[in-house]
file target-v4.csv (CSV, C-alpha atoms)
chain,number,residue,atom,x,y,z
A,1,MET,CA,8.2,-5.4,-29.5
A,2,VAL,CA,8.9,-8.9,-30.9
A,3,ILE,CA,12.5,-10.2,-31.2
A,4,GLY,CA,12.6,-13.7,-32.7
A,5,HIS,CA,10.1,-15.7,-30.7
A,6,TRP,CA,10.5,-13.7,-27.6
A,7,VAL,CA,8.1,-10.9,-26.7
A,8,ILE,CA,9.6,-8.1,-24.7
A,9,PRO,CA,6.8,-6.5,-22.7
A,10,ARG,CA,6.7,-2.7,-22.5
A,11,LEU,CA,6.7,-1.8,-18.8
A,12,PRO,CA,4.2,0.9,-17.8
A,13,ARG,CA,5.8,4.4,-17.4
A,14,PRO,CA,5.7,5.7,-13.9
A,15,SER,CA,3.1,8.3,-13.2
A,16,ALA,CA,4.1,11.9,-12.1
A,17,PRO,CA,3.3,11.1,-8.4
A,18,MET,CA,5.4,7.9,-8.6
A,19,LEU,CA,8.3,9.9,-10.1
A,20,GLU,CA,7.9,12.4,-7.2
A,21,ALA,CA,8.1,9.6,-4.7
A,22,GLN,CA,11.2,8.2,-6.4
A,23,THR,CA,12.9,11.6,-6.4
A,24,LEU,CA,12.1,12.1,-2.7
A,25,PHE,CA,13.5,8.6,-2.0
A,26,LYS,CA,16.8,9.3,-3.8
A,27,LYS,CA,17.2,12.7,-2.1
A,28,GLN,CA,16.7,11.2,1.4
A,29,PHE,CA,18.5,7.9,1.0
A,30,GLY,CA,21.1,8.6,-1.6
A,31,HIS,CA,20.1,5.9,-4.1
A,32,ALA,CA,17.2,4.9,-6.3
A,33,PRO,CA,14.4,2.7,-4.9
A,34,THR,CA,13.9,-0.9,-6.1
A,35,HIS,CA,10.1,-0.7,-6.2
A,36,THR,CA,7.4,2.0,-6.5
A,37,VAL,CA,3.7,1.4,-5.9
A,38,GLN,CA,0.6,3.7,-5.9
A,39,ALA,CA,-2.9,3.5,-4.5
A,40,PRO,CA,-5.8,5.8,-5.3
A,41,GLY,CA,-8.2,7.6,-3.0
A,42,ARG,CA,-12.0,7.3,-3.3
A,43,LEU,CA,-15.2,9.2,-3.4
A,44,GLU,CA,-18.6,8.1,-2.2
A,45,LEU,CA,-21.4,8.5,-4.6
A,46,LEU,CA,-24.1,7.0,-2.4
A,47,GLY,CA,-24.0,5.8,1.2
A,48,ASN,CA,-22.2,7.2,4.2
A,49,HIS,CA,-21.0,5.0,7.1
A,50,THR,CA,-23.4,2.3,5.7
A,51,ASP,CA,-20.6,-0.1,4.7
A,52,TYR,CA,-20.1,-1.2,8.3
A,53,ASN,CA,-23.8,-0.9,9.2
A,54,GLN,CA,-25.1,-3.7,6.8
A,55,GLY,CA,-25.9,-1.2,4.0
A,56,LEU,CA,-25.1,-0.5,0.4
A,57,VAL,CA,-22.5,1.9,-0.8
A,58,LEU,CA,-21.7,3.2,-4.3
A,59,ALA,CA,-18.1,4.5,-4.6
A,60,LEU,CA,-15.4,5.2,-7.1
A,61,ALA,CA,-11.6,5.6,-7.1
A,62,VAL,CA,-10.3,9.0,-8.0
A,63,ASP,CA,-7.2,10.1,-10.0
A,64,ARG,CA,-5.3,11.2,-6.9
A,65,PHE,CA,-2.8,8.8,-5.3
A,66,VAL,CA,-0.5,7.9,-2.5
A,67,CYS,CA,2.7,6.6,-3.9
A,68,MET,CA,5.5,4.7,-2.0
A,69,ALA,CA,9.0,4.1,-3.2
A,70,VAL,CA,10.9,1.4,-1.3
A,71,SER,CA,14.1,-0.5,-1.1
A,72,PRO,CA,15.2,-3.3,1.3
A,73,ARG,CA,17.6,-2.7,4.2
A,74,ARG,CA,20.0,-5.0,6.0
A,75,ASP,CA,20.1,-3.4,9.5
A,76,GLY,CA,16.6,-4.5,10.6
A,77,ARG,CA,15.3,-0.9,10.6
A,78,ILE,CA,12.4,0.7,8.8
A,79,GLU,CA,12.9,4.3,7.8
A,80,ILE,CA,10.0,6.3,6.3
A,81,VAL,CA,9.9,9.9,5.0
A,82,SER,CA,6.9,11.8,3.6
A,83,SER,CA,6.6,14.8,1.4
A,84,ALA,CA,3.6,15.9,3.5
A,85,PHE,CA,5.2,15.8,6.9
A,86,PRO,CA,8.5,17.0,8.2
A,87,GLU,CA,9.0,14.2,10.7
A,88,LYS,CA,11.1,11.2,9.6
A,89,GLU,CA,10.1,8.0,11.3
A,90,SER,CA,12.6,5.2,12.1
A,91,PHE,CA,12.1,2.0,14.1
A,92,PHE,CA,13.2,-1.6,14.2
A,93,VAL,CA,11.0,-4.2,12.5
A,94,HIS,CA,10.0,-5.7,15.9
A,95,GLU,CA,9.1,-2.2,17.4
A,96,LEU,CA,5.7,-1.6,15.9
A,97,THR,CA,4.4,1.0,18.4
A,98,ARG,CA,2.6,4.3,18.0
A,99,ASN,CA,4.6,7.5,18.0
A,100,PRO,CA,2.8,10.7,19.0
A,101,ALA,CA,5.5,12.7,17.3
A,102,ALA,CA,4.8,11.1,13.9
A,103,PRO,CA,1.2,10.0,13.9
A,104,TRP,CA,1.0,9.7,10.1
A,105,ALA,CA,3.4,6.7,10.3
A,106,ASP,CA,0.9,4.8,12.5
A,107,TYR,CA,-1.1,3.9,9.4
A,108,ILE,CA,2.0,2.2,8.0
A,109,LYS,CA,2.9,0.5,11.2
A,110,GLY,CA,-0.7,-0.7,11.6
A,111,VAL,CA,-0.6,-2.5,8.2
A,112,LEU,CA,2.8,-4.0,9.1
A,113,ALA,CA,1.3,-5.3,12.4
A,114,GLU,CA,-1.6,-6.8,10.6
A,115,LEU,CA,0.6,-8.5,8.0
A,116,ARG,CA,2.7,-9.9,10.8
A,117,ARG,CA,-0.5,-11.2,12.5
A,118,ARG,CA,-1.2,-13.0,9.2
A,119,LYS,CA,2.2,-14.6,9.3
A,120,ILE,CA,3.7,-12.5,6.5
A,121,HIS,CA,7.5,-12.2,6.8
A,122,PHE,CA,9.2,-8.9,6.1
A,123,SER,CA,12.5,-7.3,7.0
A,124,GLY,CA,13.8,-3.7,7.2
A,125,PHE,CA,13.3,-1.3,4.4
A,126,SER,CA,13.5,2.4,3.5
A,127,ALA,CA,10.4,4.2,2.1
A,128,ALA,CA,9.5,7.6,0.7
A,129,VAL,CA,5.8,8.6,0.5
A,130,HIS,CA,4.3,11.2,-1.8
A,131,GLY,CA,0.6,11.8,-2.3
A,132,THR,CA,-1.7,13.9,-4.4
A,133,ILE,CA,-4.8,13.2,-2.3
A,134,PRO,CA,-5.8,16.3,-0.3
A,135,LEU,CA,-5.5,15.5,3.4
A,136,GLY,CA,-8.7,15.7,5.5
A,137,ALA,CA,-10.9,16.1,2.4
A,138,GLY,CA,-12.8,12.8,2.9
A,139,LEU,CA,-11.0,11.1,-0.1
A,140,ALA,CA,-9.5,8.3,2.0
A,141,SER,CA,-5.9,9.3,2.0
A,142,SER,CA,-5.2,7.1,5.0
A,143,ALA,CA,-6.7,4.0,3.3
A,144,ALA,CA,-4.6,4.8,0.2
A,145,LEU,CA,-1.5,5.0,2.4
A,146,GLU,CA,-2.4,1.6,4.0
A,147,VAL,CA,-3.0,-0.1,0.6
A,148,ALA,CA,0.3,1.3,-0.7
A,149,THR,CA,2.1,-0.1,2.3
A,150,ALA,CA,0.6,-3.5,1.8
A,151,LEU,CA,1.5,-3.4,-1.9
A,152,ALA,CA,5.0,-2.2,-1.2
A,153,VAL,CA,5.7,-5.1,1.3
A,154,ARG,CA,4.3,-7.5,-1.4
A,155,GLN,CA,6.9,-6.2,-3.8
A,156,LEU,CA,9.7,-6.5,-1.3
A,157,HIS,CA,8.6,-10.0,0.0
A,158,PRO,CA,6.2,-11.5,-2.6
A,159,PHE,CA,3.3,-13.3,-0.9
A,160,THR,CA,-0.3,-14.3,-1.3
A,161,LEU,CA,-3.0,-13.7,1.3
A,162,THR,CA,-6.0,-16.0,1.9
A,163,PRO,CA,-8.9,-16.1,4.3
A,164,THR,CA,-7.0,-18.6,6.4
A,165,HIS,CA,-3.9,-16.3,6.4
A,166,ALA,CA,-1.9,-19.0,4.6
A,167,THR,CA,0.8,-17.5,2.4
A,168,ALA,CA,3.0,-18.7,-0.4
A,169,LEU,CA,5.9,-17.2,-2.2
A,170,LEU,CA,5.2,-15.7,-5.6
A,171,GLN,CA,7.4,-16.1,-8.6
A,172,ARG,CA,8.2,-13.0,-10.6
A,173,THR,CA,7.8,-13.0,-14.3
A,174,ARG,CA,10.6,-12.6,-16.8
A,175,ASP,CA,10.3,-8.8,-16.6
A,176,GLY,CA,10.5,-8.8,-12.8
A,177,SER,CA,6.8,-8.0,-12.2
A,178,LEU,CA,4.4,-9.9,-9.9
A,179,PRO,CA,1.1,-11.6,-10.9
A,180,PRO,CA,-1.8,-9.2,-10.4
A,181,LEU,CA,-3.9,-9.5,-7.3
A,182,THR,CA,-6.9,-11.7,-7.6
A,183,ALA,CA,-10.3,-10.5,-6.4
A,184,GLY,CA,-10.0,-12.7,-3.4
A,185,GLU,CA,-6.6,-11.4,-2.5
A,186,LYS,CA,-7.9,-7.8,-2.9
A,187,ILE,CA,-10.6,-8.5,-0.3
A,188,GLU,CA,-8.0,-10.0,2.1
A,189,PHE,CA,-5.7,-6.9,1.6
A,190,ALA,CA,-8.7,-4.7,2.3
A,191,LYS,CA,-9.5,-6.6,5.5
A,192,ALA,CA,-5.9,-6.2,6.7
A,193,CYS,CA,-6.0,-2.4,6.0
A,194,GLN,CA,-9.3,-2.1,7.8
A,195,ALA,CA,-7.9,-3.9,10.8
A,196,ALA,CA,-4.8,-1.8,10.8
A,197,GLU,CA,-6.9,1.4,11.1
A,198,SER,CA,-9.3,0.0,13.7
A,199,ARG,CA,-6.9,-1.9,15.9
A,200,PHE,CA,-3.7,0.1,15.6
A,201,VAL,CA,-4.8,3.6,14.8
A,202,GLY,CA,-8.1,3.4,16.7
A,203,VAL,CA,-10.5,4.6,14.0
A,204,ASN,CA,-13.9,2.8,13.6
A,205,CYS,CA,-14.0,2.2,9.9
A,206,GLY,CA,-15.4,-0.3,7.3
A,207,LEU,CA,-14.1,-1.8,4.2
A,208,LEU,CA,-15.3,0.9,1.8
A,209,ASP,CA,-12.1,2.8,1.6
A,210,PRO,CA,-9.5,0.0,1.0
A,211,ILE,CA,-11.9,-1.9,-1.3
A,212,SER,CA,-12.4,1.2,-3.4
A,213,SER,CA,-8.7,1.8,-3.6
A,214,LEU,CA,-8.0,-1.8,-4.6
A,215,PHE,CA,-10.9,-2.5,-7.0
A,216,GLY,CA,-11.4,0.9,-8.5
A,217,LYS,CA,-10.7,1.5,-12.2
A,218,ALA,CA,-11.3,4.3,-14.7
A,219,PHE,CA,-14.9,5.0,-15.8
A,220,HIS,CA,-16.4,2.5,-13.3
A,221,ALA,CA,-18.2,2.8,-10.0
A,222,ILE,CA,-18.1,0.1,-7.3
A,223,GLU,CA,-21.2,-1.2,-5.5
A,224,ILE,CA,-20.3,-2.6,-2.1
A,225,ASP,CA,-22.9,-4.8,-0.3
call {"tool": "encode", "arguments": {"input": "target-v4.csv", "output": "structure tokens"}}
result
Amino acid sequence: MVIGHWVIPRLPRPSAPMLEAQTLFKKQFGHAPTHTVQAPGRLELLGNHTDYNQGLVLALAVDRFVCMAVSPRRDGRIEIVSSAFPEKESFFVHELTRNPAAPWADYIKGVLAELRRRKIHFSGFSAAVHGTIPLGAGLASSAALEVATALAVRQLHPFTLTPTHATALLQRTRDGSLPPLTAGEKIEFAKACQAAESRFVGVNCGLLDPISSLFGKAFHAIEID
């Protein structure tokens, strides 16, 4: 749409899973979220456990997602609900510890811990998670949750991530969106998500899942060396 010399961009319409996450958020917290992000799962075409054993993998992102709707809070707490689990998790931003009663939230806490390790500042927020990736089906639902968490924090507290962990504030465009992640940033996001799962959750994993989630696009496969 063109008005005079100004181009008004058409914002992408939320997907059905994103709308479900927004509905869950409003039901649980009583107001609409400020941001909603999504991350796809992945499927291996060739290679299995070879990504962290110096081998090649061919993968693709699938059209199933984990979506996270978020809004900032002022009380220093993080509250998370999920459509897949009955347990609601709530903790202060400085209390990133595992909770046996809500193990699904450990993947989120692990990403927060890795972002903090990389000097990323974040404060309290509310979050609602809705996914269409079947759990336990080998489609990387945990990695999609981790990627969605990192993307949600980036929306709440815009930052860049580099190999030296240096960060800089990002400026939003006129329509309120953030610049797309560069290829280098996607790699650093993937490393943070991998570290979250290995250090915090305790799962020996490689970069295959988060890389596939971050780099995947329709009608393309991803070769990871």
call {"tool": "residues_around", "arguments": {"input": "target-v4.csv", "residues": "A:Lys119", "least_positions_apart": "4", "cutoff": "9 Å", "atoms": "all atoms listed in the file", "output": "short mmCIF file (atom, residue, chain, number, x, y, z; two decimals) with C-alpha atoms, keeping the file's coordinate frame"}}
result
data_model
loop_
_atom_site.label_atom_id
_atom_site.label_comp_id
_atom_site.auth_asym_id
_atom_site.auth_seq_id
_atom_site.Cartn_x
_atom_site.Cartn_y
_atom_site.Cartn_z
CA GLU A 114 -1.60 -6.80 10.60
CA LEU A 115 0.60 -8.50 8.00
CA HIS A 165 -3.90 -16.30 6.40
CA ALA A 166 -1.90 -19.00 4.60
CA THR A 167 0.80 -17.50 2.40
#
call {"tool": "atom_distance", "arguments": {"input": "target-v4.csv", "atom1": "atom CA of A:Ala168", "atom2": "atom CA of A:Lys186"}}
result
15.6 Å
call {"tool": "closest_residue", "arguments": {"input": "target-v4.csv", "among": "A:Leu214, A:Pro33, A:Asn99, A:Val201", "to": "A:Gly184", "atoms": "all atoms listed in the file"}}
result
A:Leu214
call {"tool": "residues_around", "arguments": {"input": "target-v4.csv", "residues": "A:Val70", "least_positions_apart": "5", "cutoff": "10 Å", "atoms": "all atoms listed in the file", "output": "short mmCIF file (atom, residue, chain, number, x, y, z; two decimals) with C-alpha atoms, in the coordinates of the input"}}
result
data_model
loop_
_atom_site.label_atom_id
_atom_site.label_comp_id
_atom_site.auth_asym_id
_atom_site.auth_seq_id
_atom_site.Cartn_x
_atom_site.Cartn_y
_atom_site.Cartn_z
CA ALA A 21 8.10 9.60 -4.70
CA GLN A 22 11.20 8.20 -6.40
CA PHE A 25 13.50 8.60 -2.00
CA ALA A 32 17.20 4.90 -6.30
CA PRO A 33 14.40 2.70 -4.90
CA THR A 34 13.90 -0.90 -6.10
CA HIS A 35 10.10 -0.70 -6.20
CA THR A 36 7.40 2.00 -6.50
CA VAL A 37 3.70 1.40 -5.90
CA GLU A 79 12.90 4.30 7.80
CA ILE A 80 10.00 6.30 6.30
CA PHE A 125 13.30 -1.30 4.40
CA SER A 126 13.50 2.40 3.50
CA ALA A 127 10.40 4.20 2.10
CA ALA A 128 9.50 7.60 0.70
CA VAL A 129 5.80 8.60 0.50
CA THR A 149 2.10 -0.10 2.30
CA ALA A 152 5.00 -2.20 -1.20
CA VAL A 153 5.70 -5.10 1.30
CA GLN A 155 6.90 -6.20 -3.80
CA LEU A 156 9.70 -6.50 -1.30
#
call {"tool": "closest_residue", "arguments": {"input": "target-v4.csv", "among": "A:Gly47, A:Pro210, A:Pro17, A:Pro158", "to": "A:His121", "atoms": "only C-alpha atoms"}}
result
A:Pro158
call {"tool": "residues_around", "arguments": {"input": "target-v4.csv", "residues": "A:Val111", "least_positions_apart": "6", "cutoff": "7 Å", "atoms": "only C-alpha atoms", "output": "JSON, numbers by chain"}}
result
{"A": [146, 149, 150, 192, 193, 196]}
call {"tool": "residues_around", "arguments": {"input": "target-v4.csv", "residues": "A:Leu135", "least_positions_apart": "2", "cutoff": "12 Å", "atoms": "all atoms listed in the file", "output": "NGL selection string"}}
result
:A and (41 or 64-66 or 84-85 or 104 or 130-133 or 137-145)
call {"tool": "atom_distance", "arguments": {"input": "target-v4.csv", "atom1": "atom CA of A:Val93", "atom2": "atom CA of A:Val203"}}
result
23.3 Å
call {"tool": "closest_residue", "arguments": {"input": "target-v4.csv", "among": "A:Asp209, A:Ser82, A:Tyr107, A:Gln171", "to": "A:Lys27", "atoms": "all atoms listed in the file"}}
result
A:Ser82
call {"tool": "residues_near_point", "arguments": {"input": "target-v4.csv", "point": "(0.3, 7.7, 17.8)", "cutoff": "12 Å", "atoms": "all atoms listed in the file", "output": "PyMOL selection string"}}
result
chain A and resi 89+96-110+197+200-203
call {"tool": "closest_residue", "arguments": {"input": "target-v4.csv", "among": "A:Leu208, A:Tyr52, A:Arg154, A:Thr162", "to": "A:Pro180", "atoms": "all atoms listed in the file"}}
result
A:Arg154
call {"tool": "atom_distance", "arguments": {"input": "target-v4.csv", "atom1": "atom CA of A:Gly76", "atom2": "atom CA of A:Phe91"}}
result
8.6 Å
call {"tool": "closest_residue", "arguments": {"input": "target-v4.csv", "among": "A:Thr182, A:Asn48, A:Ser71, A:Thr164", "to": "A:Gly124", "atoms": "all atoms listed in the file"}}
result
A:Ser71
call {"tool": "closest_residue", "arguments": {"input": "target-v4.csv", "among": "A:Ala218, A:Val81, A:Leu207, A:Leu178", "to": "A:Thr50", "atoms": "only C-alpha atoms"}}
result
A:Leu207
call {"tool": "decode", "arguments": {"input": "target-v4.csv", "residues": "stretch 163-207 of chain A", "atoms": "C-alpha atoms", "output": "PDB file, in the first residue's frame"}}
result
ATOM      1  CA  PRO A 163      30.981 -15.266  18.767  1.00  0.00           C
ATOM      2  CA  THR A 164      32.581 -13.045  21.421  1.00  0.00           C
ATOM      3  CA  HIS A 165      29.213 -12.733  23.200  1.00  0.00           C
ATOM      4  CA  ALA A 166      29.254  -8.986  22.574  1.00  0.00           C
ATOM      5  CA  THR A 167      25.788  -7.502  22.308  1.00  0.00           C
ATOM      6  CA  ALA A 168      24.279  -4.316  21.003  1.00  0.00           C
ATOM      7  CA  LEU A 169      20.783  -2.892  21.171  1.00  0.00           C
ATOM      8  CA  LEU A 170      18.752  -3.209  17.991  1.00  0.00           C
ATOM      9  CA  GLN A 171      16.563  -0.460  16.606  1.00  0.00           C
ATOM     10  CA  ARG A 172      13.045  -1.381  15.534  1.00  0.00           C
ATOM     11  CA  THR A 173      11.804  -0.341  12.122  1.00  0.00           C
ATOM     12  CA  ARG A 174       8.884   2.038  11.632  1.00  0.00           C
ATOM     13  CA  ASP A 175       6.408  -0.852  11.784  1.00  0.00           C
ATOM     14  CA  GLY A 176       7.886  -2.081  15.099  1.00  0.00           C
ATOM     15  CA  SER A 177       9.656  -5.142  13.703  1.00  0.00           C
ATOM     16  CA  LEU A 178      13.279  -6.116  14.252  1.00  0.00           C
ATOM     17  CA  PRO A 179      15.919  -6.730  11.570  1.00  0.00           C
ATOM     18  CA  PRO A 180      16.062 -10.395  10.521  1.00  0.00           C
ATOM     19  CA  LEU A 181      18.740 -12.563  12.054  1.00  0.00           C
ATOM     20  CA  THR A 182      21.930 -12.797  10.014  1.00  0.00           C
ATOM     21  CA  ALA A 183      23.431 -16.195   9.241  1.00  0.00           C
ATOM     22  CA  GLY A 184      26.123 -15.562  11.847  1.00  0.00           C
ATOM     23  CA  GLU A 185      23.553 -14.675  14.485  1.00  0.00           C
ATOM     24  CA  LYS A 186      21.561 -17.818  13.709  1.00  0.00           C
ATOM     25  CA  ILE A 187      24.678 -19.901  14.371  1.00  0.00           C
ATOM     26  CA  GLU A 188      25.203 -18.158  17.732  1.00  0.00           C
ATOM     27  CA  PHE A 189      21.536 -18.646  18.647  1.00  0.00           C
ATOM     28  CA  ALA A 190      21.880 -22.335  17.759  1.00  0.00           C
ATOM     29  CA  LYS A 191      24.975 -22.653  19.952  1.00  0.00           C
ATOM     30  CA  ALA A 192      23.139 -21.055  22.873  1.00  0.00           C
ATOM     31  CA  CYS A 193      20.225 -23.471  22.452  1.00  0.00           C
ATOM     32  CA  GLN A 194      22.572 -26.465  22.203  1.00  0.00           C
ATOM     33  CA  ALA A 195      24.370 -25.362  25.373  1.00  0.00           C
ATOM     34  CA  ALA A 196      21.030 -24.929  27.145  1.00  0.00           C
ATOM     35  CA  GLU A 197      20.074 -28.533  26.460  1.00  0.00           C
ATOM     36  CA  SER A 198      23.480 -30.009  27.274  1.00  0.00           C
ATOM     37  CA  ARG A 199      24.386 -27.903  30.319  1.00  0.00           C
ATOM     38  CA  PHE A 200      21.031 -27.223  31.945  1.00  0.00           C
ATOM     39  CA  VAL A 201      18.813 -30.118  30.859  1.00  0.00           C
ATOM     40  CA  GLY A 202      21.640 -32.655  30.643  1.00  0.00           C
ATOM     41  CA  VAL A 203      21.051 -34.042  27.144  1.00  0.00           C
ATOM     42  CA  ASN A 204      24.044 -34.790  24.908  1.00  0.00           C
ATOM     43  CA  CYS A 205      23.061 -33.117  21.666  1.00  0.00           C
ATOM     44  CA  GLY A 206      24.545 -31.339  18.693  1.00  0.00           C
ATOM     45  CA  LEU A 207      23.647 -28.319  16.612  1.00  0.00           C
TER      46      LEU A 207
END
